[in-house]
file my_file-v6.cif (mmCIF, C-alpha atoms and all ligand atoms)
data_entry
loop_
_atom_site.group_PDB
_atom_site.id
_atom_site.type_symbol
_atom_site.label_atom_id
_atom_site.label_comp_id
_atom_site.auth_asym_id
_atom_site.auth_seq_id
_atom_site.Cartn_x
_atom_site.Cartn_y
_atom_site.Cartn_z
ATOM 1 C CA MET A 18 -77.584 32.544 192.131
ATOM 2 C CA SER A 19 -77.437 28.721 192.167
ATOM 3 C CA THR A 20 -75.364 26.678 189.712
ATOM 4 C CA TRP A 21 -78.645 25.701 188.069
ATOM 5 C CA ASP A 22 -79.282 29.299 186.953
ATOM 6 C CA SER A 23 -76.322 29.140 184.572
ATOM 7 C CA LYS A 24 -77.268 25.777 183.030
ATOM 8 C CA VAL A 25 -78.794 25.419 179.591
ATOM 9 C CA VAL A 26 -80.391 22.036 178.900
ATOM 10 C CA ALA A 27 -81.950 20.733 175.681
ATOM 11 C CA ILE A 28 -84.407 17.850 176.068
ATOM 12 C CA THR A 29 -85.884 15.696 173.308
ATOM 13 C CA GLY A 30 -89.230 13.990 173.864
ATOM 14 C CA ALA A 31 -90.250 16.820 176.175
ATOM 15 C CA SER A 32 -93.938 16.802 175.209
ATOM 16 C CA SER A 33 -94.893 14.043 177.680
ATOM 17 C CA GLY A 34 -93.733 11.567 180.300
ATOM 18 C CA ILE A 35 -90.109 11.572 181.448
ATOM 19 C CA GLY A 36 -89.059 14.405 179.113
ATOM 20 C CA GLU A 37 -91.874 16.664 180.300
ATOM 21 C CA ALA A 38 -91.170 15.858 183.967
ATOM 22 C CA THR A 39 -87.465 16.546 183.425
ATOM 23 C CA ALA A 40 -88.227 19.899 181.790
ATOM 24 C CA LEU A 41 -90.398 20.906 184.758
ATOM 25 C CA GLU A 42 -87.858 19.651 187.324
ATOM 26 C CA LEU A 43 -84.826 21.354 185.773
ATOM 27 C CA ALA A 44 -86.615 24.605 184.955
ATOM 28 C CA GLY A 45 -87.960 24.633 188.514
ATOM 29 C CA ARG A 46 -84.378 24.492 189.769
ATOM 30 C CA GLY A 47 -83.449 27.480 187.567
ATOM 31 C CA ALA A 48 -82.052 25.937 184.370
ATOM 32 C CA ALA A 49 -82.999 27.339 180.967
ATOM 33 C CA VAL A 50 -84.591 24.522 178.960
ATOM 34 C CA VAL A 51 -85.016 24.078 175.223
ATOM 35 C CA LEU A 52 -87.688 21.500 174.509
ATOM 36 C CA GLY A 53 -88.068 19.369 171.409
ATOM 37 C CA ALA A 54 -90.817 17.009 170.219
ATOM 38 C CA ARG A 55 -93.260 16.637 167.338
ATOM 39 C CA ARG A 56 -96.494 17.527 169.229
ATOM 40 C CA THR A 57 -96.091 21.284 169.357
ATOM 41 C CA ASP A 58 -99.432 21.787 171.171
ATOM 42 C CA ARG A 59 -98.190 19.657 174.072
ATOM 43 C CA LEU A 60 -94.813 21.406 174.053
ATOM 44 C CA ALA A 61 -96.545 24.795 174.190
ATOM 45 C CA GLU A 62 -98.402 23.680 177.335
ATOM 46 C CA VAL A 63 -95.155 22.628 179.044
ATOM 47 C CA VAL A 64 -93.458 25.899 178.100
ATOM 48 C CA ALA A 65 -96.458 27.902 179.347
ATOM 49 C CA ARG A 66 -96.367 26.102 182.722
ATOM 50 C CA ILE A 67 -92.644 26.766 183.119
ATOM 51 C CA ARG A 68 -92.953 30.442 182.164
ATOM 52 C CA ALA A 69 -95.964 30.911 184.463
ATOM 53 C CA ASP A 70 -93.715 29.773 187.324
ATOM 54 C CA GLY A 71 -91.033 32.300 186.307
ATOM 55 C CA GLY A 72 -88.851 29.761 184.468
ATOM 56 C CA ARG A 73 -87.062 29.974 181.123
ATOM 57 C CA ALA A 74 -88.142 27.645 178.303
ATOM 58 C CA GLU A 75 -88.219 27.587 174.493
ATOM 59 C CA PRO A 76 -90.097 25.058 172.339
ATOM 60 C CA ALA A 77 -88.875 23.581 169.056
ATOM 61 C CA GLU A 78 -90.697 21.263 166.699
ATOM 62 C CA VAL A 79 -88.298 18.337 166.479
ATOM 63 C CA ASP A 80 -88.533 14.942 164.815
ATOM 64 C CA VAL A 81 -85.387 13.186 166.025
ATOM 65 C CA THR A 82 -85.299 11.011 162.904
ATOM 66 C CA ARG A 83 -84.296 14.174 161.019
ATOM 67 C CA ARG A 84 -80.738 15.271 161.685
ATOM 68 C CA ALA A 85 -81.476 18.887 160.718
ATOM 69 C CA ASP A 86 -84.113 19.134 163.485
ATOM 70 C CA LEU A 87 -81.494 18.308 166.136
ATOM 71 C CA GLU A 88 -79.155 20.900 164.628
ATOM 72 C CA ARG A 89 -81.988 23.433 164.980
ATOM 73 C CA LEU A 90 -82.673 22.430 168.596
ATOM 74 C CA VAL A 91 -79.026 22.879 169.590
ATOM 75 C CA ALA A 92 -78.736 26.141 167.618
ATOM 76 C CA LEU A 93 -81.829 27.468 169.409
ATOM 77 C CA ALA A 94 -80.196 26.816 172.799
ATOM 78 C CA VAL A 95 -77.013 28.605 171.752
ATOM 79 C CA ASP A 96 -78.810 31.529 170.052
ATOM 80 C CA ARG A 97 -81.327 32.088 172.828
ATOM 81 C CA PHE A 98 -79.268 31.261 175.945
ATOM 82 C CA GLY A 99 -75.636 31.507 174.740
ATOM 83 C CA ARG A 100 -74.560 27.900 175.272
ATOM 84 C CA LEU A 101 -75.604 24.278 175.711
ATOM 85 C CA ASP A 102 -74.508 22.493 178.863
ATOM 86 C CA VAL A 103 -76.574 19.315 178.627
ATOM 87 C CA LEU A 104 -78.445 17.381 175.947
ATOM 88 C CA VAL A 105 -80.997 14.958 177.381
ATOM 89 C CA ALA A 106 -81.560 12.631 174.405
ATOM 90 C CA ASN A 107 -84.760 11.140 175.755
ATOM 91 C CA ALA A 108 -87.206 10.736 172.834
ATOM 92 C CA GLY A 109 -88.131 7.109 172.375
ATOM 93 C CA VAL A 110 -90.781 4.639 171.238
ATOM 94 C CA ALA A 111 -91.555 1.067 172.303
ATOM 95 C CA ARG A 112 -93.161 -1.575 170.114
ATOM 96 C CA ILE A 113 -93.393 -5.029 171.639
ATOM 97 C CA ALA A 114 -93.747 -8.345 169.785
ATOM 98 C CA PRO A 115 -91.866 -11.618 169.275
ATOM 99 C CA VAL A 116 -89.156 -11.270 166.635
ATOM 100 C CA ALA A 117 -90.792 -14.027 164.571
ATOM 101 C CA GLU A 118 -93.813 -11.795 163.923
ATOM 102 C CA LEU A 119 -91.494 -9.771 161.668
ATOM 103 C CA ASP A 120 -92.963 -6.364 162.401
ATOM 104 C CA VAL A 121 -90.269 -4.817 160.261
ATOM 105 C CA ALA A 122 -91.887 -1.372 160.133
ATOM 106 C CA ASP A 123 -91.881 -1.256 163.945
ATOM 107 C CA TRP A 124 -88.218 -2.332 164.019
ATOM 108 C CA ASP A 125 -87.383 0.535 161.669
ATOM 109 C CA THR A 126 -89.301 3.026 163.805
ATOM 110 C CA MET A 127 -87.498 1.973 166.989
ATOM 111 C CA ILE A 128 -84.094 2.038 165.285
ATOM 112 C CA ASP A 129 -84.814 5.428 163.710
ATOM 113 C CA VAL A 130 -86.101 7.103 166.904
ATOM 114 C CA ASN A 131 -84.264 5.312 169.737
ATOM 115 C CA LEU A 132 -80.860 4.879 168.094
ATOM 116 C CA ARG A 133 -80.544 7.115 165.041
ATOM 117 C CA GLY A 134 -82.326 9.900 166.959
ATOM 118 C CA VAL A 135 -79.686 9.802 169.705
ATOM 119 C CA LEU A 136 -76.902 9.748 167.092
ATOM 120 C CA HIS A 137 -78.431 12.845 165.503
ATOM 121 C CA GLY A 138 -78.396 14.522 168.911
ATOM 122 C CA ILE A 139 -74.751 13.597 169.431
ATOM 123 C CA ALA A 140 -73.840 14.900 165.967
ATOM 124 C CA ALA A 141 -75.504 18.233 166.753
ATOM 125 C CA ALA A 142 -74.275 18.694 170.333
ATOM 126 C CA LEU A 143 -70.688 17.383 170.264
ATOM 127 C CA PRO A 144 -69.203 20.232 168.202
ATOM 128 C CA VAL A 145 -70.777 22.749 170.631
ATOM 129 C CA PHE A 146 -69.493 20.802 173.671
ATOM 130 C CA ARG A 147 -65.994 20.667 172.124
ATOM 131 C CA ARG A 148 -66.047 24.417 171.395
ATOM 132 C CA GLN A 149 -67.127 25.180 174.956
ATOM 133 C CA GLY A 150 -64.625 22.701 176.431
ATOM 134 C CA ARG A 151 -67.453 21.041 178.370
ATOM 135 C CA GLY A 152 -70.772 19.344 177.876
ATOM 136 C CA HIS A 153 -72.958 16.540 179.200
ATOM 137 C CA LEU A 154 -74.885 13.921 177.260
ATOM 138 C CA VAL A 155 -77.725 12.160 179.108
ATOM 139 C CA THR A 156 -79.814 9.377 177.544
ATOM 140 C CA THR A 157 -82.819 7.406 178.764
ATOM 141 C CA VAL A 158 -82.068 3.785 178.011
ATOM 142 C CA SER A 159 -83.985 1.063 179.878
ATOM 143 C CA THR A 160 -83.945 -1.834 182.308
ATOM 144 C CA SER A 161 -85.199 -3.792 179.249
ATOM 145 C CA GLY A 162 -81.590 -3.752 178.135
ATOM 146 C CA LEU A 163 -80.366 -5.085 181.490
ATOM 147 C CA LYS A 164 -82.841 -7.935 181.952
ATOM 148 C CA ILE A 165 -83.605 -9.467 178.570
ATOM 149 C CA VAL A 166 -87.165 -10.751 178.167
ATOM 150 C CA PRO A 167 -89.111 -12.106 175.172
ATOM 151 C CA THR A 168 -91.007 -9.611 172.952
ATOM 152 C CA GLN A 169 -88.662 -6.698 173.646
ATOM 153 C CA ALA A 170 -85.668 -7.777 171.554
ATOM 154 C CA VAL A 171 -85.511 -4.835 169.172
ATOM 155 C CA TYR A 172 -86.493 -2.235 171.785
ATOM 156 C CA ALA A 173 -83.864 -3.574 174.210
ATOM 157 C CA GLY A 174 -81.379 -3.813 171.356
ATOM 158 C CA THR A 175 -81.752 -0.127 170.501
ATOM 159 C CA LYS A 176 -81.365 0.829 174.169
ATOM 160 C CA ASN A 177 -78.254 -1.327 174.592
ATOM 161 C CA ALA A 178 -76.795 0.131 171.404
ATOM 162 C CA VAL A 179 -77.168 3.587 172.935
ATOM 163 C CA ARG A 180 -75.587 2.402 176.190
ATOM 164 C CA THR A 181 -72.624 1.067 174.181
ATOM 165 C CA LEU A 182 -72.387 4.301 172.232
ATOM 166 C CA LEU A 183 -72.156 6.401 175.382
ATOM 167 C CA GLU A 184 -69.542 4.147 176.959
ATOM 168 C CA ALA A 185 -67.374 4.394 173.830
ATOM 169 C CA LEU A 186 -67.825 8.171 173.751
ATOM 170 C CA ARG A 187 -66.815 8.318 177.406
ATOM 171 C CA GLN A 188 -63.613 6.434 176.703
ATOM 172 C CA GLU A 189 -62.886 8.702 173.735
ATOM 173 C CA SER A 190 -63.383 11.835 175.835
ATOM 174 C CA THR A 191 -61.077 11.485 178.815
ATOM 175 C CA ASP A 192 -59.805 15.061 178.327
ATOM 176 C CA GLY A 193 -62.592 16.049 180.707
ATOM 177 C CA SER A 194 -64.685 17.922 178.144
ATOM 178 C CA LEU A 195 -67.606 15.480 178.064
ATOM 179 C CA ARG A 196 -69.689 13.717 180.683
ATOM 180 C CA THR A 197 -71.995 10.878 179.640
ATOM 181 C CA THR A 198 -74.886 9.409 181.629
ATOM 182 C CA SER A 199 -77.146 6.486 180.748
ATOM 183 C CA ILE A 200 -80.323 6.484 182.824
ATOM 184 C CA SER A 201 -82.099 3.099 182.945
ATOM 185 C CA PRO A 202 -85.713 3.469 184.069
ATOM 186 C CA GLY A 203 -87.847 0.461 184.920
ATOM 187 C CA PHE A 204 -91.652 0.756 184.779
ATOM 188 C CA VAL A 205 -92.590 4.433 184.653
ATOM 189 C CA ARG A 206 -96.207 5.603 184.251
ATOM 190 C CA THR A 207 -96.176 7.481 180.936
ATOM 191 C CA GLU A 208 -97.764 7.293 177.495
ATOM 192 C CA LEU A 209 -94.993 4.968 176.238
ATOM 193 C CA VAL A 210 -97.084 1.796 176.335
ATOM 194 C CA ASP A 211 -100.207 3.409 174.844
ATOM 195 C CA HIS A 212 -99.042 2.198 171.410
ATOM 196 C CA VAL A 213 -98.269 -1.343 172.535
ATOM 197 C CA GLU A 214 -100.717 -3.821 171.013
ATOM 198 C CA ASP A 215 -101.032 -6.539 173.671
ATOM 199 C CA GLY A 216 -104.663 -6.179 174.734
ATOM 200 C CA GLY A 217 -103.823 -3.599 177.400
ATOM 201 C CA GLN A 218 -101.462 -5.844 179.423
ATOM 202 C CA ALA A 219 -98.559 -3.400 179.373
ATOM 203 C CA GLN A 220 -100.836 -0.506 180.344
ATOM 204 C CA GLN A 221 -102.258 -2.510 183.262
ATOM 205 C CA ALA A 222 -98.780 -3.519 184.494
ATOM 206 C CA MET A 223 -97.632 0.061 184.236
ATOM 207 C CA ALA A 224 -100.675 1.369 186.115
ATOM 208 C CA ALA A 225 -100.248 -1.244 188.869
ATOM 209 C CA LEU A 226 -96.500 -1.012 189.325
ATOM 210 C CA GLY A 227 -95.087 2.053 187.574
ATOM 211 C CA ILE A 228 -93.438 4.950 189.372
ATOM 212 C CA GLY A 229 -94.078 8.550 188.360
ATOM 213 C CA PRO A 230 -91.834 10.190 185.739
ATOM 214 C CA ASP A 231 -90.794 12.784 188.338
ATOM 215 C CA ALA A 232 -88.613 10.073 189.953
ATOM 216 C CA VAL A 233 -86.593 9.752 186.745
ATOM 217 C CA ALA A 234 -86.448 13.537 186.407
ATOM 218 C CA ARG A 235 -84.862 13.806 189.869
ATOM 219 C CA ALA A 236 -82.279 11.162 188.905
ATOM 220 C CA ILE A 237 -81.407 13.148 185.783
ATOM 221 C CA ALA A 238 -81.064 16.306 187.903
ATOM 222 C CA PHE A 239 -78.776 14.396 190.293
ATOM 223 C CA ALA A 240 -76.466 13.418 187.425
ATOM 224 C CA ILE A 241 -76.390 16.961 186.051
ATOM 225 C CA GLU A 242 -75.775 18.724 189.354
ATOM 226 C CA GLN A 243 -72.519 16.890 190.089
ATOM 227 C CA PRO A 244 -69.334 18.956 189.794
ATOM 228 C CA ASP A 245 -67.739 18.954 186.311
ATOM 229 C CA ASP A 246 -65.090 16.436 187.353
ATOM 230 C CA VAL A 247 -67.693 13.905 188.554
ATOM 231 C CA GLU A 248 -69.541 11.725 186.072
ATOM 232 C CA ILE A 249 -72.545 9.594 186.980
ATOM 233 C CA GLY A 250 -72.177 6.961 184.250
ATOM 234 C CA ASP A 251 -75.134 4.623 184.795
ATOM 235 C CA LEU A 252 -78.217 5.009 186.954
ATOM 236 C CA THR A 253 -81.054 2.510 187.312
ATOM 237 C CA ILE A 254 -84.397 3.711 188.698
ATOM 238 C CA ARG A 255 -87.158 1.142 189.007
ATOM 239 C CA PRO A 256 -90.199 0.507 191.189
ATOM 240 C CA THR A 257 -89.198 -1.275 194.401
ATOM 241 C CA ARG A 258 -91.653 -4.077 193.527
ATOM 242 C CA GLN A 259 -90.418 -4.591 189.937
ATOM 243 C CA GLY A 260 -89.022 -8.074 189.321
HETATM 244 P P1 LIG B 301 -93.755 9.023 176.394
HETATM 245 O O1 LIG B 301 -94.431 8.285 175.301
HETATM 246 O O2 LIG B 301 -94.573 9.754 177.373
HETATM 247 O O3 LIG B 301 -92.685 10.039 175.791
HETATM 248 C C1 LIG B 301 -91.972 9.771 174.618
HETATM 249 C C2 LIG B 301 -91.494 11.098 174.061
HETATM 250 O O4 LIG B 301 -90.722 10.838 172.869
HETATM 251 C C3 LIG B 301 -92.637 12.021 173.663
HETATM 252 O O5 LIG B 301 -92.357 13.316 174.120
HETATM 253 C C4 LIG B 301 -92.633 11.965 172.153
HETATM 254 O O6 LIG B 301 -93.001 13.233 171.632
HETATM 255 C C5 LIG B 301 -91.164 11.722 171.865
HETATM 256 N N1 LIG B 301 -90.933 11.183 170.535
HETATM 257 C C6 LIG B 301 -91.345 9.995 170.032
HETATM 258 N N2 LIG B 301 -90.971 9.910 168.732
HETATM 259 C C7 LIG B 301 -90.309 11.059 168.448
HETATM 260 C C8 LIG B 301 -89.693 11.572 167.279
HETATM 261 N N3 LIG B 301 -89.656 10.885 166.122
HETATM 262 N N4 LIG B 301 -89.113 12.796 167.334
HETATM 263 C C9 LIG B 301 -89.152 13.514 168.475
HETATM 264 N N5 LIG B 301 -89.723 13.089 169.606
HETATM 265 C C10 LIG B 301 -90.294 11.869 169.582
HETATM 266 O O7 LIG B 301 -92.837 7.928 177.109
HETATM 267 P P2 LIG B 301 -91.679 8.047 178.217
HETATM 268 O O8 LIG B 301 -91.629 9.386 178.814
HETATM 269 O O9 LIG B 301 -91.827 6.865 179.061
HETATM 270 O O10 LIG B 301 -90.389 7.815 177.300
HETATM 271 C C11 LIG B 301 -89.219 8.623 177.381
HETATM 272 C C12 LIG B 301 -87.998 7.741 177.206
HETATM 273 O O11 LIG B 301 -87.870 6.884 178.336
HETATM 274 C C13 LIG B 301 -88.049 6.830 175.984
HETATM 275 O O12 LIG B 301 -86.768 6.810 175.361
HETATM 276 C C14 LIG B 301 -88.363 5.475 176.566
HETATM 277 O O13 LIG B 301 -87.881 4.423 175.767
HETATM 278 C C15 LIG B 301 -87.620 5.575 177.894
HETATM 279 N N6 LIG B 301 -88.074 4.608 178.904
HETATM 280 C C16 LIG B 301 -89.341 4.637 179.395
HETATM 281 C C17 LIG B 301 -89.765 3.697 180.324
HETATM 282 C C18 LIG B 301 -91.162 3.647 180.870
HETATM 283 O O14 LIG B 301 -91.480 2.683 181.596
HETATM 284 N N7 LIG B 301 -92.004 4.630 180.618
HETATM 285 C C19 LIG B 301 -88.831 2.673 180.823
HETATM 286 C C20 LIG B 301 -87.516 2.758 180.271
HETATM 287 C C21 LIG B 301 -87.155 3.702 179.350
HETATM 288 P P3 LIG B 301 -93.865 13.497 170.298
HETATM 289 O O15 LIG B 301 -94.767 12.318 170.105
HETATM 290 O O16 LIG B 301 -94.587 14.769 170.629
HETATM 291 O O17 LIG B 301 -92.848 13.680 169.226
#

call {"tool": "encode", "arguments": {"input": "my_file-v6.cif", "output": "structure tokens"}}
result
Amino acid sequence: MSTWDSKVVAITGASSGIGEATALELAGRGAAVVLGARRTDRLAEVVARIRADGGRAEPAEVDVTRRADLERLVALAVDRFGRLDVLVANAGVARIAPVAELDVADWDTMIDVNLRGVLHGIAAALPVFRRQGRGHLVTTVSTSGLKIVPTQAVYAGTKNAVRTLLEALRQESTDGSLRTTSISPGFVRTELVDHVEDGGQAQQAMAALGIGPDAVARAIAFAIEQPDDVEIGDLTIRPTRQG
């Protein structure tokens, strides 16, 4: 039995892209995965693939903007598999435009999903981690927060807020009961930019340059598989040719 067989991991945004790839990667290594997202048909496909390969997976309809949904996701992990070792708070949306265009509805969506959604995950998972005496919080932030460019102010702002949140949590948790990891992907070929209204520019850049989501999934696995006394705090994964 490998150490992966005893791990229980909940993943938000598991219906596509990085979340889906992470679910497949971790379940393939032997972890039990509990998968949350709104598109239950897509989640069912991911769960079916994992189970067909002999893995353990449970789906949950989750909208991360609703705190109760995160409580249900965490409770499902504990009820079904007895514990929760890792929450991968990965669900996210990107809307890109200059601030002056005042796309206030898009700002609200990004704040609600990318920031409030992670806070809801923390609120649900922390009490379980404390009870167990151990737990690991992984988030997908972004290189957008590291290299500031026009049109991504609010998106990058939400990602940097999450980075700040995890660093503060880390400093508040030096009793060894919590590990925190912020993963910063660069261009990754997923559905993220499908909703970006820029005449297809983002989609073309992603298609030309983006790496596969499996690369990010392997980085997440690397952070999780470290011994309990080793924390991978920040990891950046970008295409070699990304500027
Ligand atoms: P995808 O669009 O493929 O995946 C986004 C996931 O988030 C989907 O599973 C979607 O599921 C879920 N999601 C969106 N809104 C909600 C919500 N309200 N409640 C629950 N789930 C939600 O894109 P990626 O895989 O690329 O994105 C994953 C994360 O990686 C995001 O946080 C993104 O910001 C980050 N990232 C991505 C990069 C890239 O280049 N692709 C670069 C840097 C960071 P559903 O719609 O079914 O609810």

call {"tool": "residues_near_ligand", "arguments": {"input": "my_file-v6.cif", "ligand": "ligand LIG 301 (chain B)", "cutoff": "8 Å", "atoms": "all atoms listed in the file", "output": "MDAnalysis selection string"}}
result
chainID A and resid 29:37 53:57 59:60 79:82 106:111 129:131 134 156:161 172 176 201:211 223 227 230

call {"tool": "atom_distance", "arguments": {"input": "my_file-v6.cif", "atom1": "atom CA of A:Leu132", "atom2": "atom CA of A:Val171"}}
result
10.8 Å

call {"tool": "resolve_selection", "arguments": {"input": "my_file-v6.cif", "expression": "the PyMOL selection byres (((chain A and resi 90-93) around 7) and not hetatm)", "output": "compact mmCIF listing (two decimals) with C-alpha atoms, in the coordinates of the input"}}
result
# COMPACT_ATOMS: atom_id res chain seq x y z
CA GLY A 53 -88.07 19.37 171.41
CA ALA A 77 -88.88 23.58 169.06
CA ASP A 86 -84.11 19.13 163.49
CA LEU A 87 -81.49 18.31 166.14
CA GLU A 88 -79.16 20.90 164.63
CA ARG A 89 -81.99 23.43 164.98
CA ALA A 94 -80.20 26.82 172.80
CA VAL A 95 -77.01 28.60 171.75
CA ASP A 96 -78.81 31.53 170.05
CA ARG A 97 -81.33 32.09 172.83
CA ALA A 141 -75.50 18.23 166.75
CA ALA A 142 -74.28 18.69 170.33

call {"tool": "atom_distance", "arguments": {"input": "my_file-v6.cif", "atom1": "atom CA of A:Val121", "atom2": "atom CA of A:Asp215"}}
result
17.3 Å

call {"tool": "residues_near_point", "arguments": {"input": "my_file-v6.cif", "point": "(-70.0, 21.8, 175.7)", "cutoff": "8 Å", "atoms": "all atoms listed in the file", "output": "ChimeraX atom specification"}}
result
/A:100-103,142-153,194-195

call {"tool": "closest_residue", "arguments": {"input": "my_file-v6.cif", "among": "A:Glu75, A:Glu248, A:Glu118, A:Glu242", "to": "A:Ser190", "atoms": "only C-alpha atoms"}}
result
A:Glu248

call {"tool": "residues_around", "arguments": {"input": "my_file-v6.cif", "residues": "A:Ile200", "least_positions_apart": "3", "cutoff": "12 Å", "atoms": "only C-alpha atoms", "output": "number ranges by chain"}}
result
A: 35, 105-107, 154-163, 176-177, 179-180, 183, 197, 203, 232-241, 249-255

call {"tool": "closest_residue", "arguments": {"input": "my_file-v6.cif", "among": "A:Ala117, A:Leu186, A:Ala122, A:Ala222", "to": "A:Ala170", "atoms": "all atoms listed in the file"}}
result
A:Ala117

call {"tool": "axis_aligned_box", "arguments": {"input": "my_file-v6.cif", "around": "stretch 214-227 of chain A", "padding_each_side": "6 Å", "output": "AutoDock Vina command-line options"}}
result
--center_x -99.9 --center_y -2.2 --center_z 180.2 --size_x 21.6 --size_y 20.6 --size_z 30.3

call {"tool": "residues_near_point", "arguments": {"input": "my_file-v6.cif", "point": "(-78.9, 26.7, 189.7)", "cutoff": "12 Å", "atoms": "all atoms listed in the file", "output": "ChimeraX atom specification"}}
result
/A:18-26,42-49,72,238,241-243

call {"tool": "atom_distance", "arguments": {"input": "my_file-v6.cif", "atom1": "atom CA of A:Arg84", "atom2": "atom CA of A:Glu214"}}
result
29.2 Å

call {"tool": "residues_around", "arguments": {"input": "my_file-v6.cif", "residues": "A:Pro167", "least_positions_apart": "5", "cutoff": "10 Å", "atoms": "all atoms listed in the file", "output": "PyMOL selection string"}}
result
chain A and resi 113-116

call {"tool": "write_last_selection", "arguments": {"input": "my_file-v6.cif", "atoms": "C-alpha atoms", "output": "compact mmCIF listing (two decimals), in the coordinates of the input"}}
result
# COMPACT_ATOMS: atom_id res chain seq x y z
CA ILE A 113 -93.39 -5.03 171.64
CA ALA A 114 -93.75 -8.35 169.78
CA PRO A 115 -91.87 -11.62 169.28
CA VAL A 116 -89.16 -11.27 166.64

call {"tool": "closest_residue", "arguments": {"input": "my_file-v6.cif", "among": "A:Leu52, A:Ala85, A:Asp245, A:Ala40", "to": "A:Asp192", "atoms": "only C-alpha atoms"}}
result
A:Asp245

call {"tool": "closest_residue", "arguments": {"input": "my_file-v6.cif", "among": "A:Leu41, A:Asp70, A:Glu78, A:Ala185", "to": "A:Asp58", "atoms": "only C-alpha atoms"}}
result
A:Glu78

call {"tool": "build_atoms", "arguments": {"input": "my_file-v6.cif", "residues": "stretch 79-90 of chain A", "atoms": "N, CA, C and O atoms", "output": "CSV table (one decimal), in the frame of the given file"}}
result
chain,number,residue,atom,x,y,z
A,79,VAL,N,-89.4,19.2,166.8
A,79,VAL,CA,-88.3,18.3,166.5
A,79,VAL,C,-88.8,16.9,166.2
A,79,VAL,O,-89.5,16.3,167.0
A,80,ASP,N,-88.4,16.4,165.1
A,80,ASP,CA,-88.5,14.9,164.8
A,80,ASP,C,-87.1,14.4,164.8
A,80,ASP,O,-86.3,14.8,164.0
A,81,VAL,N,-86.8,13.6,165.8
A,81,VAL,CA,-85.4,13.2,166.0
A,81,VAL,C,-84.9,12.3,164.9
A,81,VAL,O,-83.7,12.1,164.8
A,82,THR,N,-85.8,11.8,164.0
A,82,THR,CA,-85.3,11.0,162.9
A,82,THR,C,-84.7,11.9,161.8
A,82,THR,O,-84.1,11.4,160.9
A,83,ARG,N,-84.9,13.2,162.0
A,83,ARG,CA,-84.3,14.2,161.0
A,83,ARG,C,-83.1,14.9,161.7
A,83,ARG,O,-83.3,15.6,162.6
A,84,ARG,N,-81.9,14.7,161.1
A,84,ARG,CA,-80.7,15.3,161.7
A,84,ARG,C,-80.8,16.8,161.8
A,84,ARG,O,-80.4,17.4,162.8
A,85,ALA,N,-81.4,17.4,160.7
A,85,ALA,CA,-81.5,18.9,160.7
A,85,ALA,C,-82.3,19.4,161.9
A,85,ALA,O,-82.0,20.5,162.4
A,86,ASP,N,-83.3,18.7,162.4
A,86,ASP,CA,-84.1,19.1,163.5
A,86,ASP,C,-83.3,19.2,164.8
A,86,ASP,O,-83.5,20.1,165.6
A,87,LEU,N,-82.4,18.3,165.0
A,87,LEU,CA,-81.5,18.3,166.1
A,87,LEU,C,-80.5,19.5,166.0
A,87,LEU,O,-80.2,20.1,167.0
A,88,GLU,N,-80.0,19.7,164.8
A,88,GLU,CA,-79.2,20.9,164.6
A,88,GLU,C,-79.9,22.2,165.0
A,88,GLU,O,-79.3,23.1,165.7
A,89,ARG,N,-81.2,22.2,164.7
A,89,ARG,CA,-82.0,23.4,165.0
A,89,ARG,C,-82.2,23.6,166.5
A,89,ARG,O,-82.2,24.6,167.0
A,90,LEU,N,-82.4,22.4,167.1
A,90,LEU,CA,-82.7,22.4,168.6
A,90,LEU,C,-81.4,23.0,169.3
A,90,LEU,O,-81.5,23.9,170.2
